[in-house]
file entry01.pdb (PDB, C-alpha atoms)
ATOM      1  CA  MET A 135      27.620  -7.597  16.700
ATOM      2  CA  SER A 136      28.748 -10.422  14.445
ATOM      3  CA  ALA A 137      31.197 -10.202  11.580
ATOM      4  CA  PHE A 138      28.263 -10.701   9.180
ATOM      5  CA  VAL A 139      26.308  -7.756  10.588
ATOM      6  CA  ASP A 140      29.346  -5.458  10.730
ATOM      7  CA  GLY A 141      30.535  -6.476   7.285
ATOM      8  CA  THR A 142      27.095  -5.997   5.725
ATOM      9  CA  LEU A 143      26.797  -2.530   7.264
ATOM     10  CA  LEU A 144      30.059  -1.578   5.563
ATOM     11  CA  ARG A 145      28.873  -3.013   2.245
ATOM     12  CA  PHE A 146      25.952  -0.558   2.279
ATOM     13  CA  THR A 147      28.481   2.244   1.831
ATOM     14  CA  GLN A 148      28.910   0.947  -1.724
ATOM     15  CA  ASP A 149      26.330   2.155  -4.230
ATOM     16  CA  THR A 150      26.973  -0.895  -6.406
ATOM     17  CA  PHE A 151      26.008  -3.249  -3.570
ATOM     18  CA  VAL A 152      22.808  -1.319  -2.848
ATOM     19  CA  ALA A 153      21.864  -1.142  -6.533
ATOM     20  CA  ASP A 154      22.459  -4.891  -6.985
ATOM     21  CA  LEU A 155      20.405  -5.708  -3.876
ATOM     22  CA  LEU A 156      17.413  -3.671  -5.041
ATOM     23  CA  THR A 157      17.585  -4.390  -8.757
ATOM     24  CA  ASN A 158      18.810  -7.967  -9.088
ATOM     25  CA  ARG A 159      18.028  -9.610  -5.767
ATOM     26  CA  VAL A 160      14.743  -8.119  -4.538
ATOM     27  CA  GLY A 161      13.591  -6.664  -7.862
ATOM     28  CA  LEU A 162      12.320  -3.192  -8.656
ATOM     29  CA  ALA A 163       8.881  -4.358  -9.792
ATOM     30  CA  PRO A 164       8.199  -6.280  -6.538
ATOM     31  CA  ILE A 165       9.335  -3.252  -4.533
ATOM     32  CA  PHE A 166       7.005  -0.993  -6.516
ATOM     33  CA  ASN A 167       4.078  -3.406  -6.140
ATOM     34  CA  VAL A 168       4.503  -3.603  -2.359
ATOM     35  CA  ALA A 169       4.858   0.174  -2.005
ATOM     36  CA  PHE A 170       2.190   1.330  -4.468
ATOM     37  CA  GLU A 171      -1.112   0.450  -6.075
ATOM     38  CA  ALA A 172      -1.407   1.893  -9.561
ATOM     39  CA  THR A 173      -4.746   3.651 -10.107
ATOM     40  CA  ASP A 174      -4.562   5.985 -13.095
ATOM     41  CA  VAL A 175      -1.455   4.564 -14.756
ATOM     42  CA  GLN A 176      -0.112   1.225 -15.967
ATOM     43  CA  MET A 177       3.560   0.425 -15.482
ATOM     44  CA  GLN A 178       5.537  -0.123 -18.692
ATOM     45  CA  SER A 179       9.127  -0.030 -17.459
ATOM     46  CA  ILE A 180      11.038   0.697 -14.284
ATOM     47  CA  THR A 181      14.666   1.504 -13.534
ATOM     48  CA  LEU A 182      16.564   2.466 -10.414
ATOM     49  CA  GLY A 183      17.111   6.187 -10.037
ATOM     50  CA  PRO A 184      19.167   8.083  -7.472
ATOM     51  CA  ILE A 185      19.883   6.479  -4.093
ATOM     52  CA  SER A 186      20.202   8.782  -1.108
ATOM     53  CA  PRO A 187      23.109   8.611   1.370
ATOM     54  CA  ARG A 188      22.608   5.837   3.895
ATOM     55  CA  SER A 189      21.981   6.310   7.622
ATOM     56  CA  TYR A 190      23.120   3.549   9.970
ATOM     57  CA  LYS A 191      21.724   2.243  13.234
ATOM     58  CA  VAL A 192      18.806   4.677  13.234
ATOM     59  CA  PRO A 193      16.644   4.635  16.383
ATOM     60  CA  ALA A 194      12.895   4.190  15.977
ATOM     61  CA  PHE A 195      11.142   5.721  18.975
ATOM     62  CA  GLU A 196       7.534   4.892  19.748
ATOM     63  CA  SER A 197       5.214   7.722  20.789
ATOM     64  CA  ILE A 198       2.756   7.065  23.604
ATOM     65  CA  ARG A 199      -0.771   8.225  22.850
ATOM     66  CA  SER A 200      -3.778   8.270  25.137
ATOM     67  CA  SER A 201      -7.261   9.712  24.766
ATOM     68  CA  GLY A 202     -10.315  10.002  26.981
ATOM     69  CA  THR A 203     -12.878  12.353  28.467
ATOM     70  CA  ASP A 204     -13.307  14.198  31.736
ATOM     71  CA  GLU A 205     -16.935  14.653  32.749
ATOM     72  CA  ARG A 206     -18.518  16.792  35.465
ATOM     73  CA  VAL A 207     -22.221  16.386  36.211
ATOM     74  CA  VAL A 208     -22.840  19.059  38.840
ATOM     75  CA  PRO A 209     -23.495  21.928  39.060
ATOM     76  CA  ASP A 210     -23.746  21.744  35.227
ATOM     77  CA  THR A 211     -22.824  18.955  32.854
ATOM     78  CA  GLN A 212     -19.472  19.415  31.151
ATOM     79  CA  ARG A 213     -17.410  17.029  29.112
ATOM     80  CA  VAL A 214     -13.832  17.665  28.040
ATOM     81  CA  ARG A 215     -12.047  15.440  25.541
ATOM     82  CA  LYS A 216      -8.352  14.942  26.225
ATOM     83  CA  GLU A 217      -5.622  13.605  23.963
ATOM     84  CA  LEU A 218      -2.061  13.173  25.151
ATOM     85  CA  VAL A 219       0.979  12.460  22.975
ATOM     86  CA  LEU A 220       4.374  11.708  24.495
ATOM     87  CA  PRO A 221       6.922  11.596  21.633
ATOM     88  CA  ARG A 222       9.928   9.277  22.013
ATOM     89  CA  PHE A 223       8.467   7.947  25.269
ATOM     90  CA  GLY A 224       7.570   4.392  24.272
ATOM     91  CA  ARG A 225       9.489   1.385  23.068
ATOM     92  CA  LEU A 226      12.762   1.717  21.187
ATOM     93  CA  ASP A 227      13.793  -0.303  18.155
ATOM     94  CA  TRP A 228      16.523   0.097  15.573
ATOM     95  CA  VAL A 229      16.827   0.276  11.795
ATOM     96  CA  ASP A 230      20.211  -0.998  10.670
ATOM     97  CA  VAL A 231      20.288   0.973   7.411
ATOM     98  CA  ALA A 232      17.855   3.648   6.195
ATOM     99  CA  PHE A 233      17.811   5.437   2.851
ATOM    100  CA  ASP A 234      15.528   6.554   0.032
ATOM    101  CA  ALA A 235      15.580   5.164  -3.490
ATOM    102  CA  VAL A 236      13.919   6.607  -6.569
ATOM    103  CA  LEU A 237      12.075   4.296  -8.943
ATOM    104  CA  SER A 238      12.143   5.919 -12.381
ATOM    105  CA  THR A 239       9.227   4.612 -14.396
ATOM    106  CA  LYS A 240       7.569   4.953 -17.753
ATOM    107  CA  VAL A 241       3.814   4.576 -17.474
ATOM    108  CA  GLN A 242       0.787   4.506 -19.714
ATOM    109  CA  ILE A 243      -1.842   6.996 -18.616
ATOM    110  CA  LEU A 244      -5.221   5.285 -18.263
ATOM    111  CA  VAL A 245      -7.434   8.347 -17.804
ATOM    112  CA  ALA A 246      -8.423  11.088 -20.198
ATOM    113  CA  PRO A 247     -10.634  14.192 -20.049
ATOM    114  CA  LEU A 248     -14.416  13.787 -20.202
ATOM    115  CA  GLN A 249     -15.819  13.772 -23.701
ATOM    116  CA  SER A 250     -19.481  14.231 -22.829
ATOM    117  CA  VAL A 251     -21.983  14.309 -19.976
ATOM    118  CA  THR A 252     -25.656  13.432 -20.518
ATOM    119  CA  VAL A 253     -28.492  13.518 -18.005
ATOM    120  CA  GLU A 254     -31.928  11.958 -18.477
ATOM    121  CA  THR A 255     -34.507  10.162 -16.400
ATOM    122  CA  LEU A 256     -33.966   6.476 -15.849
ATOM    123  CA  GLU A 257     -37.373   5.844 -17.401
ATOM    124  CA  GLN A 258     -36.242   7.616 -20.591
ATOM    125  CA  LYS A 259     -32.991   5.657 -20.636
ATOM    126  CA  LEU A 260     -34.864   2.362 -20.332
ATOM    127  CA  GLY A 261     -37.499   3.318 -22.924
ATOM    128  CA  GLY A 262     -40.481   3.154 -20.603
ATOM    129  CA  ILE A 263     -41.480   0.590 -17.985
ATOM    130  CA  VAL A 264     -44.700  -1.465 -18.017
ATOM    131  CA  SER A 265     -44.097  -3.851 -15.110
ATOM    132  CA  ILE A 266     -41.663  -4.654 -12.332
ATOM    133  CA  ALA A 267     -40.434  -7.630 -14.372
ATOM    134  CA  ASP A 268     -39.895  -5.311 -17.347
ATOM    135  CA  LEU A 269     -37.892  -2.977 -15.097
ATOM    136  CA  ARG A 270     -35.604  -5.786 -13.984
ATOM    137  CA  THR A 271     -35.129  -7.067 -17.543
ATOM    138  CA  LYS A 272     -34.179  -3.640 -18.886
ATOM    139  CA  LEU A 273     -31.869  -2.873 -15.964
ATOM    140  CA  LEU A 274     -30.066  -6.140 -16.720
ATOM    141  CA  THR A 275     -29.078  -4.696 -20.094
ATOM    142  CA  LEU A 276     -27.128  -2.010 -18.228
ATOM    143  CA  TYR A 277     -25.865  -3.725 -15.090
ATOM    144  CA  ALA A 278     -24.803  -7.097 -13.756
ATOM    145  CA  PRO A 279     -27.463  -9.129 -11.855
ATOM    146  CA  SER A 280     -25.813  -8.388  -8.496
ATOM    147  CA  VAL A 281     -25.966  -4.654  -9.218
ATOM    148  CA  VAL A 282     -29.635  -4.874 -10.212
ATOM    149  CA  ASP A 283     -30.407  -6.731  -6.974
ATOM    150  CA  ALA A 284     -28.586  -3.998  -5.041
ATOM    151  CA  ILE A 285     -30.606  -1.290  -6.834
ATOM    152  CA  PHE A 286     -33.908  -2.936  -5.916
ATOM    153  CA  ALA A 287     -32.784  -3.347  -2.304
ATOM    154  CA  LYS A 288     -31.444   0.202  -2.014
ATOM    155  CA  LEU A 289     -34.557   1.795  -3.524
ATOM    156  CA  ASN A 290     -36.854  -0.638  -1.698
ATOM    157  CA  VAL A 291     -38.688  -1.386  -4.932
ATOM    158  CA  THR A 292     -41.153  -4.278  -4.863
ATOM    159  CA  THR A 293     -43.896  -2.953  -7.148
ATOM    160  CA  LEU A 294     -44.087  -0.681 -10.184
ATOM    161  CA  ASP A 295     -45.788   1.966  -8.023
ATOM    162  CA  ASP A 296     -42.785   1.925  -5.688
ATOM    163  CA  PHE A 297     -40.549   2.726  -8.638
ATOM    164  CA  GLU A 298     -42.779   5.376 -10.200
ATOM    165  CA  ARG A 299     -43.210   7.306  -6.939
ATOM    166  CA  GLN A 300     -39.490   8.014  -6.908
ATOM    167  CA  HIS A 301     -37.565  10.199  -9.339
ATOM    168  CA  HIS A 302     -34.428   8.668 -10.825
ATOM    169  CA  LEU A 303     -31.787  10.299 -12.969
ATOM    170  CA  PHE A 304     -29.407   8.449 -15.247
ATOM    171  CA  VAL A 305     -26.135  10.353 -15.606
ATOM    172  CA  GLU A 306     -23.713   9.102 -18.250
ATOM    173  CA  LEU A 307     -20.102  10.264 -18.262
ATOM    174  CA  VAL A 308     -18.122   9.381 -21.378
ATOM    175  CA  GLY A 309     -14.374   9.828 -21.318
ATOM    176  CA  ALA A 310     -12.033  10.140 -24.236
ATOM    177  CA  ALA A 311      -9.828   7.199 -25.082
ATOM    178  CA  PRO A 312      -6.563   7.136 -23.084
ATOM    179  CA  PRO A 313      -3.591   8.425 -25.071
ATOM    180  CA  VAL A 314      -1.422   5.887 -26.871
ATOM    181  CA  PHE A 315       1.683   5.043 -24.864
ATOM    182  CA  ASP A 316       4.740   6.907 -26.083
ATOM    183  CA  PRO A 317       7.928   5.995 -24.194
ATOM    184  CA  ASN A 318       9.559   9.249 -25.296
ATOM    185  CA  ASN A 319       6.755  11.481 -24.018
ATOM    186  CA  PRO A 320       7.958  13.259 -20.849
ATOM    187  CA  ALA A 321       4.379  13.093 -19.507
ATOM    188  CA  ASN A 322       4.751   9.304 -19.293
ATOM    189  CA  GLN A 323       7.865   9.473 -17.148
ATOM    190  CA  ARG A 324       7.241   9.374 -13.399
ATOM    191  CA  ASP A 325       9.622   9.146 -10.454
ATOM    192  CA  TYR A 326       8.450   7.488  -7.250
ATOM    193  CA  THR A 327      10.457   7.659  -4.036
ATOM    194  CA  VAL A 328      10.475   4.665  -1.717
ATOM    195  CA  SER A 329      11.869   4.736   1.810
ATOM    196  CA  MET A 330      14.009   1.647   2.335
ATOM    197  CA  ARG A 331      14.622   0.172   5.778
ATOM    198  CA  MET A 332      17.104  -2.669   6.307
ATOM    199  CA  ARG A 333      17.401  -5.201   9.106
ATOM    200  CA  ILE A 334      20.591  -7.293   9.188
ATOM    201  CA  VAL A 335      20.148 -10.500  11.184
ATOM    202  CA  ASP A 336      22.777 -12.531  12.965
ATOM    203  CA  GLY A 337      21.798 -16.194  12.755
ATOM    204  CA  PHE A 338      18.530 -17.714  11.558
ATOM    205  CA  ASP A 339      15.594 -17.165  13.927
ATOM    206  CA  ILE A 340      12.499 -16.619  11.798
ATOM    207  CA  ALA A 341       9.887 -15.999  14.491
ATOM    208  CA  ASN A 342      11.889 -13.514  16.555
ATOM    209  CA  THR A 343      13.160 -11.737  13.457
ATOM    210  CA  LEU A 344       9.685 -11.335  12.015
ATOM    211  CA  GLN A 345       8.375 -10.116  15.369
ATOM    212  CA  SER A 346      11.161  -7.555  15.714
ATOM    213  CA  VAL A 347      10.848  -6.247  12.164
ATOM    214  CA  LYS A 348       7.069  -5.895  12.419
ATOM    215  CA  LEU A 349       7.404  -3.994  15.678
ATOM    216  CA  CYS A 350       9.886  -1.598  14.074
ATOM    217  CA  ARG A 351       7.635  -1.153  11.046
ATOM    218  CA  SER A 352       4.616  -0.510  13.251
ATOM    219  CA  ILE A 353       6.464   2.191  15.192
ATOM    220  CA  LEU A 354       7.617   3.959  12.035
ATOM    221  CA  GLU A 355       4.308   3.694  10.193
ATOM    222  CA  HIS A 356       2.431   5.147  13.149
ATOM    223  CA  GLU A 357       4.593   8.256  12.892
ATOM    224  CA  SER A 358       4.497   8.579   9.100
ATOM    225  CA  ILE A 359       2.575  11.265   7.213
ATOM    226  CA  PRO A 360       0.479   9.896   4.287
ATOM    227  CA  ASP A 361       1.123  11.262   0.816
ATOM    228  CA  SER A 362      -0.507  10.854  -2.585
ATOM    229  CA  PRO A 363       1.974  10.280  -5.429
ATOM    230  CA  ASP A 364       0.675  11.036  -8.905
ATOM    231  CA  GLY A 365      -1.284   8.153 -10.430
ATOM    232  CA  VAL A 366      -0.841   5.695  -7.559
ATOM    233  CA  ASN A 367      -1.894   5.015  -3.982
ATOM    234  CA  ARG A 368       0.877   4.388  -1.482
ATOM    235  CA  ILE A 369       0.235   1.085   0.286
ATOM    236  CA  VAL A 370       3.074   1.158   2.804
ATOM    237  CA  PRO A 371       5.297   4.121   3.710
ATOM    238  CA  TYR A 372       8.408   1.972   4.207
ATOM    239  CA  ILE A 373       9.898  -1.013   2.416
ATOM    240  CA  PHE A 374      11.534  -3.384   4.881
ATOM    241  CA  ILE A 375      14.222  -5.804   3.705
ATOM    242  CA  THR A 376      15.695  -8.341   6.124
ATOM    243  CA  LEU A 377      19.112  -9.745   5.310
ATOM    244  CA  PHE A 378      20.185 -13.170   6.529
ATOM    245  CA  ALA A 379      23.581 -14.779   6.035
ATOM    246  CA  ASP A 380      23.274 -17.388   3.308
ATOM    247  CA  ALA A 381      25.510 -19.733   5.298
ATOM    248  CA  ALA A 382      23.212 -19.525   8.329
ATOM    249  CA  VAL A 383      20.679 -21.792   6.612
ATOM    250  CA  THR A 384      21.519 -25.459   6.121
ATOM    251  CA  ASP A 385      19.620 -28.588   5.196
ATOM    252  CA  THR A 386      19.015 -29.199   8.901
ATOM    253  CA  SER A 387      17.914 -25.683   9.911
ATOM    254  CA  LEU A 388      14.212 -26.486   9.537
ATOM    255  CA  PRO A 389      12.868 -30.043   9.879
ATOM    256  CA  GLY A 390      11.759 -31.531   6.591
ATOM    257  CA  LEU A 391      13.161 -28.694   4.459
ATOM    258  CA  THR A 392      16.374 -28.388   2.531
ATOM    259  CA  ALA A 393      18.287 -25.117   2.713
ATOM    260  CA  VAL A 394      16.839 -24.028  -0.634
ATOM    261  CA  GLN A 395      13.291 -24.881   0.447
ATOM    262  CA  ALA A 396      13.745 -23.104   3.782
ATOM    263  CA  LYS A 397      14.939 -19.909   2.088
ATOM    264  CA  THR A 398      12.043 -19.982  -0.363
ATOM    265  CA  ALA A 399       9.546 -20.518   2.457
ATOM    266  CA  VAL A 400      10.975 -17.639   4.492
ATOM    267  CA  GLN A 401      10.886 -15.294   1.511
ATOM    268  CA  GLY A 402       7.278 -16.251   0.870
ATOM    269  CA  LEU A 403       6.413 -15.608   4.514
ATOM    270  CA  PHE A 404       7.928 -12.141   4.424
ATOM    271  CA  ILE A 405       6.248 -11.322   1.100
ATOM    272  CA  ALA A 406       2.905 -12.240   2.657
ATOM    273  CA  GLU A 407       3.657  -9.600   5.292
ATOM    274  CA  GLN A 408       4.510  -7.003   2.597
ATOM    275  CA  MET A 409       8.212  -7.232   3.383
ATOM    276  CA  PHE A 410      11.247  -8.891   1.828
ATOM    277  CA  ALA A 411      13.871 -11.369   3.007
ATOM    278  CA  GLN A 412      17.160 -11.986   1.258
ATOM    279  CA  PHE A 413      20.033 -14.400   1.887
ATOM    280  CA  ILE A 414      23.419 -12.975   0.997
ATOM    281  CA  THR A 415      27.006 -14.156   1.170
TER     282      THR A 415
END
call {"tool": "encode", "arguments": {"input": "entry01.pdb", "output": "structure tokens"}}
result
Amino acid sequence: MSAFVDGTLLRFTQDTFVADLLTNRVGLAPIFNVAFEATDVQMQSITLGPISPRSYKVPAFESIRSSGTDERVVPDTQRVRKELVLPRFGRLDWVDVAFDAVLSTKVQILVAPLQSVTVETLEQKLGGIVSIADLRTKLLTLYAPSVVDAIFAKLNVTTLDDFERQHHLFVELVGAAPPVFDPNNPANQRDYTVSMRMRIVDGFDIANTLQSVKLCRSILEHESIPDSPDGVNRIVPYIFITLFADAAVTDTSLPGLTAVQAKTAVQGLFIAEQMFAQFIT
């Protein structure tokens, strides 16, 4: 290992270093947006909560999985489906530093209880239909043209008789207005845990680094158990951050790019892969 790798490992023992890396360098909002997709809430503020103790040089073992069928035709046909899992039997990769961080947020709730439910025939909702053109015109008052086209295709409606032979219900669900955001309301305070995984790189080899980190992420994600945090969908189970030495990148590291441009390009590449890259001193 290089002095940069060893020294950076030791720096992760300091909570202040970890907090600065997540909050000021990577950013809590970008971390949240890579990890989660908000569905029923809208983010208003986010701060860094507790950080778990760090684990160092954690092995990531790949499980080997195979599936298939055994079939016997005589004297009677039988088919047996087989699935085999061999834990810790595949490739091995390493996570340099692993820990969990809590993102403490204040959110605006975007959903509210139903206010009313009404059910009527589609003909009643539209006020009667006299022709297929009239049907399309009145449906356009309710839906976008693409939706109306999809309705006609789905119901296979080409004539008024086609429409009248089928029975259609129009169900309207009306929800109450979402509550006004109150930052002091405990109901608007949510904590989301993100699993952080660090890769510390000696030198500046973009292709091999990206390949190695994606392999490690693939191994871990294949073993992860999905969860459903309140108000959001989890996009990725792990947040990967790759750390390069700032001094490893110079104006001649990549043809046609200054050191600043090269760092920006690498960070953009990693972001496109739902990961982060940082250059530290």
call {"tool": "atom_distance", "arguments": {"input": "entry01.pdb", "atom1": "CA of Asp234 in chain A", "atom2": "CA of Arg188 in chain A"}}
result
8.1 Å
call {"tool": "closest_residue", "arguments": {"input": "entry01.pdb", "among": "A:Ala235, A:His301, A:Leu349, A:Ile285", "to": "Leu155 in chain A", "atoms": "only C-alpha atoms"}}
result
A:Ala235
call {"tool": "closest_residue", "arguments": {"input": "entry01.pdb", "among": "A:Leu307, A:Ala381, A:Val370, A:Ile243", "to": "Asp336 in chain A", "atoms": "only C-alpha atoms"}}
result
A:Ala381
call {"tool": "residues_around", "arguments": {"input": "entry01.pdb", "residues": "Leu256 in chain A", "least_positions_apart": "3", "cutoff": "6 Å", "atoms": "all atoms listed in the file", "output": "VMD selection string"}}
result
chain A and resid 259 302 to 304
call {"tool": "resolve_selection", "arguments": {"input": "entry01.pdb", "expression": "the PyMOL selection byres ((chain A and resi 156) around 12)", "output": "ChimeraX atom specification"}}
result
/A:146,149-155,157-166,181-183,185,234-237,328,330-332,373-375,410-412
call {"tool": "closest_residue", "arguments": {"input": "entry01.pdb", "among": "A:Glu196, A:Ile405, A:Val241, A:Ala232", "to": "Ala321 in chain A", "atoms": "all atoms listed in the file"}}
result
A:Val241
call {"tool": "closest_residue", "arguments": {"input": "entry01.pdb", "among": "A:Leu244, A:Val282, A:Leu354, A:Val253", "to": "Val192 in chain A", "atoms": "all atoms listed in the file"}}
result
A:Leu354
call {"tool": "atom_distance", "arguments": {"input": "entry01.pdb", "atom1": "CA of Thr292 in chain A", "atom2": "CA of Val305 in chain A"}}
result
23.6 Å
call {"tool": "residues_around", "arguments": {"input": "entry01.pdb", "residues": "Thr271 in chain A", "least_positions_apart": "4", "cutoff": "12 Å", "atoms": "all atoms listed in the file", "output": "compact mmCIF listing (two decimals) with C-alpha atoms, keeping the file's coordinate frame"}}
result
# COMPACT_ATOMS: atom_id res chain seq x y z
CA LEU A 260 -34.86 2.36 -20.33
CA GLY A 261 -37.50 3.32 -22.92
CA GLY A 262 -40.48 3.15 -20.60
CA ILE A 263 -41.48 0.59 -17.98
CA VAL A 264 -44.70 -1.46 -18.02
CA SER A 265 -44.10 -3.85 -15.11
CA ILE A 266 -41.66 -4.65 -12.33
CA ALA A 267 -40.43 -7.63 -14.37
CA THR A 275 -29.08 -4.70 -20.09
CA LEU A 276 -27.13 -2.01 -18.23
CA TYR A 277 -25.86 -3.72 -15.09
CA ALA A 278 -24.80 -7.10 -13.76
CA PRO A 279 -27.46 -9.13 -11.86
CA VAL A 282 -29.64 -4.87 -10.21
CA ASP A 283 -30.41 -6.73 -6.97
